[in-house]
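Novice: Provided herewith is a single structure, encoded as structure tokens, for subsequent inquiry.
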Amino acid sequence: MSTTVLFDLDGTLTDPAPGIVGSVRKALVDLGHEPPPFEALTWVIGPSLRQSFRQLLPADGDPEAALDRYRFHYRGGGMYDLSLYPGIMDAVTAVRATSDRMFVCTAKPEPYAVPIVEHVGYGPLFERVYGAALDGSLDDKADIIAKIIAEQGIDPQHTVMIGDRLHDIHAAQRHGIPSIGVAWGYGGVAELTEAGATAICERPVDLPGMVAGLRRQA
């Protein structure tokens, strides 16, 4: 039976904080709002930004206007203002060597996710990048997983989801997919444990072995 691995992007494969948080803060300034400090905004990494702006803006604020300004700054250079976690490229390469299929599954809009994956060198390791739609129709990561299942014919029982936020874990659960929460991202061990991650990975170097362990259990 073939095995499939789904990887979240932001906070799992890359550390995108400078570009994402910086663009969020600039968008708020453009709309006349005082942005929270950089360190207080890392929670926006992972969830749908459309939903995040609803929380950041006052009740009469316009999330779509904020998202438009965010995208202006993000496309203007913020999307490449990121880094790779130490050891993650080697870990993903090792997981790929023992997996039949691998896909990126991200809440980042696909038109941004695809060039980022290529830019940082992950392209050859993944069969395809699946992301959200710009119109918000795929803001729920469970819907993105549903699309992968429908288009690729993968078996949820022989699939593993890897991510750093509760949204990754909950989306996998909705499809009966075991999950690995990664501690180096922006959710943290407590969030991932409370969300019900099947396993928690503390370091990238441990990831290939944990994926293999879940595969054996399946």
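Ligands are numbered from 1 in the order shown, chains are lettered A, B, ... in the order of the structure tokens, and residues start at 1 in each chain.
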Write out as a list in words the residues lying within 8 Å of Glu127 in chain A, counting only C-alpha atoms and excluding same-chain residues fewer than 5 positions away.
Specialist: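 The filter keeps Arg101, Met102 and Phe103 of chain A.
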Novice: How would the residues just chosen look if you wrote them out with C-alpha atoms as a PDB file, in the first residue's frame?
Specialist:
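Below you can see out-v2.pdb, which holds the result:
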```pdb
ATOM      1  CA  ARG A 101       4.081  10.500  -2.522  1.00  0.00           C
ATOM      2  CA  MET A 102       4.533  13.933  -0.899  1.00  0.00           C
ATOM      3  CA  PHE A 103       2.479  17.104  -1.192  1.00  0.00           C
TER       4      PHE A 103
END
```
Novice: Mind running range 26-103 of chain A against range 151-163 of chain A at 12 Å and telling me each contacting residue's nearest atom pair with the distance in Å (one decimal), counting only C-alpha atoms, chain and number ascending, as a Markdown table?
Specialist:
```
| residue | atom | partner | partner_atom | distance |
| --- | --- | --- | --- | --- |
| A:Ile45 | CA | A:Gly163 | CA | 11.8 |
| A:Gly46 | CA | A:Gly163 | CA | 9.2 |
| A:Pro47 | CA | A:Gly163 | CA | 11.7 |
| A:Val92 | CA | A:Ile162 | CA | 10.7 |
| A:Val95 | CA | A:Val160 | CA | 11.1 |
| A:Ser99 | CA | A:Thr159 | CA | 9.8 |
| A:Asp100 | CA | A:Thr159 | CA | 10.2 |
| A:Arg101 | CA | A:Ile154 | CA | 9.0 |
| A:Met102 | CA | A:Thr159 | CA | 9.4 |
| A:Phe103 | CA | A:Met161 | CA | 9.7 |
```
Novice: Which residue gives the smallest distance to Ser83 in chain A among A:Ala97, A:Ala133, A:Ile116, A:Leu31, with only C-alpha atoms counted?
Specialist: A:Ile116
Novice: Name the residues in contact with Gly121 in chain A at a cut-off of 12 Å, using only C-alpha atoms, excluding same-chain residues fewer than 4 positions from it; report them as a VMD selection string.
Specialist: chain A and resid 13 to 14 83 to 84 88 to 90 92 to 93 114 to 117 125 to 126
Novice: Within 8 Å of range 180-184 of chain A, which residues of range 10-118 of chain A come that close, and what is the closest atom pair and distance in Å for each? Count only C-alpha atoms and give it as a Markdown table.
Specialist:
```
| residue | atom | partner | partner_atom | distance |
| --- | --- | --- | --- | --- |
| A:Gly11 | CA | A:Trp184 | CA | 7.3 |
| A:Thr12 | CA | A:Val182 | CA | 6.8 |
| A:Tyr85 | CA | A:Trp184 | CA | 8.0 |
```
Novice: Give me, please, the distance in Å between CA of Asp139 in chain A and CA of Ala91 in chain A, quoted to one decimal.
Specialist: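 Straight-line distance from CA of Asp139 in chain A to CA of Ala91 in chain A works out to 27.8 Å.
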Novice: Give me the residues of range 129-161 of chain A that have any atom at most 12 Å from an atom of range 62-77 of chain A; for each, the nearest atom pair and the distance in Å, rounded to one decimal. Use only C-alpha atoms, sort by chain and number, and format it as a Markdown table.
Specialist:
```
| residue | atom | partner | partner_atom | distance |
| --- | --- | --- | --- | --- |
| A:Leu134 | CA | A:Leu67 | CA | 10.1 |
| A:Asp135 | CA | A:Glu64 | CA | 10.0 |
| A:Gly136 | CA | A:Glu64 | CA | 10.2 |
```
Novice: Pull C-alpha atoms from the residues just selected and write them as a PDB file, in the first residue's frame.
Specialist:
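Writing the result to again-v3.pdb gives the following:
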```pdb
ATOM      1  CA  LEU A 134      -7.300  33.853  -3.316  1.00  0.00           C
ATOM      2  CA  ASP A 135     -11.088  34.198  -3.131  1.00  0.00           C
ATOM      3  CA  GLY A 136     -11.250  32.446   0.241  1.00  0.00           C
TER       4      GLY A 136
END
```
Novice: Restricting the calculation to only C-alpha atoms, which member of A:Ile20, A:Ala40, A:Leu192, A:Leu6 is positioned closest to Thr106 in chain A?
Specialist: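 Of all the options, A:Leu6 lies closest to Thr106 in chain A.
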Novice: Between A:Val205, A:Val129, A:Ala142, A:Val29, which one has atoms that come closest to Leu57 in chain A, using only C-alpha atoms?
Specialist: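 Smallest distance to Leu57 in chain A is found for A:Val29.
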Novice: Which is closest to Leu214 in chain A among A:Leu166, A:Leu9, A:Ala199, A:Ile149, if we use only C-alpha atoms?
Specialist: A:Ala199
Novice: Write down as a VMD selection string the residues belonging to chain A that are assigned helix (DSSP H, G or I) by DSSP computed on the backbone.
Specialist: chain A and resid 17 to 30 38 to 44 49 to 56 63 to 75 78 to 80 88 to 97 110 to 119 123 to 125 141 to 152 156 to 158 166 to 174 188 to 195 204 to 217
Novice: Restricting the calculation to only C-alpha atoms: of A:Thr4, A:Arg215, A:Gly61, A:Gly78, which residue gets closest to Val24 in chain A?
Specialist: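 Among A:Thr4, A:Arg215, A:Gly61, A:Gly78, it is A:Gly78 that comes nearest to Val24 in chain A.
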Novice: Find the residue from A:Thr98, A:His175, A:Lys141, A:Gly32 that sits nearest to Gly209 in chain A; use only C-alpha atoms when measuring.
Specialist: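 Among A:Thr98, A:His175, A:Lys141, A:Gly32, it is A:Thr98 that comes nearest to Gly209 in chain A.
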Novice: Please report the interatomic distance between CA of Arg96 in chain A and CA of Tyr186 in chain A in Å with one decimal.
Specialist: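 That distance, rounded to one decimal, is 23.7 Å.
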Novice: Considering only C-alpha atoms, return as a PyMOL selection string whatever protein or nucleic-acid residues lie within 7 Å of Ile169 in chain A, sequence-local ones (same chain, fewer than 5 positions apart) excluded.
Specialist: chain A and resi 179+195-197
Novice: For the selection you just gave me, I'd like the residues written to a file as a CSV table (one decimal), in the first residue's frame, keeping C-alpha atoms.
Specialist:
```
chain,number,residue,atom,x,y,z
A,179,SER,CA,-0.6,13.8,12.4
A,195,ALA,CA,-5.3,19.7,19.5
A,196,GLY,CA,-4.7,15.9,19.6
A,197,ALA,CA,-1.6,15.5,17.5
```
Novice: Pick out each residue of chain A that DSSP on the backbone tags as strand (DSSP E); I need them as a PDB file with C-alpha atoms, in the first residue's frame.
Specialist:
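File produced: selection.pdb:
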```pdb
ATOM      1  CA  THR A   4       1.614   9.732   1.380  1.00  0.00           C
ATOM      2  CA  VAL A   5       2.983  12.608   3.454  1.00  0.00           C
ATOM      3  CA  LEU A   6       1.375  16.061   3.579  1.00  0.00           C
ATOM      4  CA  PHE A   7       3.549  18.961   4.758  1.00  0.00           C
ATOM      5  CA  ARG A 101       4.081  10.500  -2.522  1.00  0.00           C
ATOM      6  CA  MET A 102       4.533  13.933  -0.899  1.00  0.00           C
ATOM      7  CA  PHE A 103       2.479  17.104  -1.192  1.00  0.00           C
ATOM      8  CA  VAL A 104       2.602  20.547   0.347  1.00  0.00           C
ATOM      9  CA  CYS A 105      -0.736  21.343   2.026  1.00  0.00           C
ATOM     10  CA  THR A 106      -0.851  24.986   3.126  1.00  0.00           C
ATOM     11  CA  ALA A 107      -3.370  27.682   4.003  1.00  0.00           C
ATOM     12  CA  LYS A 108      -1.178  30.135   2.087  1.00  0.00           C
ATOM     13  CA  PRO A 109      -2.750  31.000  -1.286  1.00  0.00           C
ATOM     14  CA  ARG A 128       2.488  19.166  -6.105  1.00  0.00           C
ATOM     15  CA  VAL A 129       1.774  22.185  -3.901  1.00  0.00           C
ATOM     16  CA  TYR A 130      -1.824  22.557  -2.709  1.00  0.00           C
ATOM     17  CA  GLY A 131      -2.855  25.844  -1.141  1.00  0.00           C
ATOM     18  CA  ALA A 132      -5.759  28.130  -0.434  1.00  0.00           C
ATOM     19  CA  THR A 159      -1.259   9.299   4.928  1.00  0.00           C
ATOM     20  CA  VAL A 160       0.520  11.487   7.498  1.00  0.00           C
ATOM     21  CA  MET A 161      -0.038  15.231   8.000  1.00  0.00           C
ATOM     22  CA  ILE A 162       2.881  17.275   9.352  1.00  0.00           C
ATOM     23  CA  GLY A 163       2.314  20.791  10.675  1.00  0.00           C
ATOM     24  CA  SER A 179      -0.600  13.815  12.370  1.00  0.00           C
ATOM     25  CA  ILE A 180       2.807  14.925  13.572  1.00  0.00           C
ATOM     26  CA  GLY A 181       2.986  18.311  15.266  1.00  0.00           C
ATOM     27  CA  VAL A 182       6.362  20.020  14.912  1.00  0.00           C
ATOM     28  CA  ALA A 199       2.870  12.578  17.836  1.00  0.00           C
ATOM     29  CA  ILE A 200       5.049  15.614  18.605  1.00  0.00           C
ATOM     30  CA  CYS A 201       8.411  16.084  16.914  1.00  0.00           C
TER      31      CYS A 201
END
```
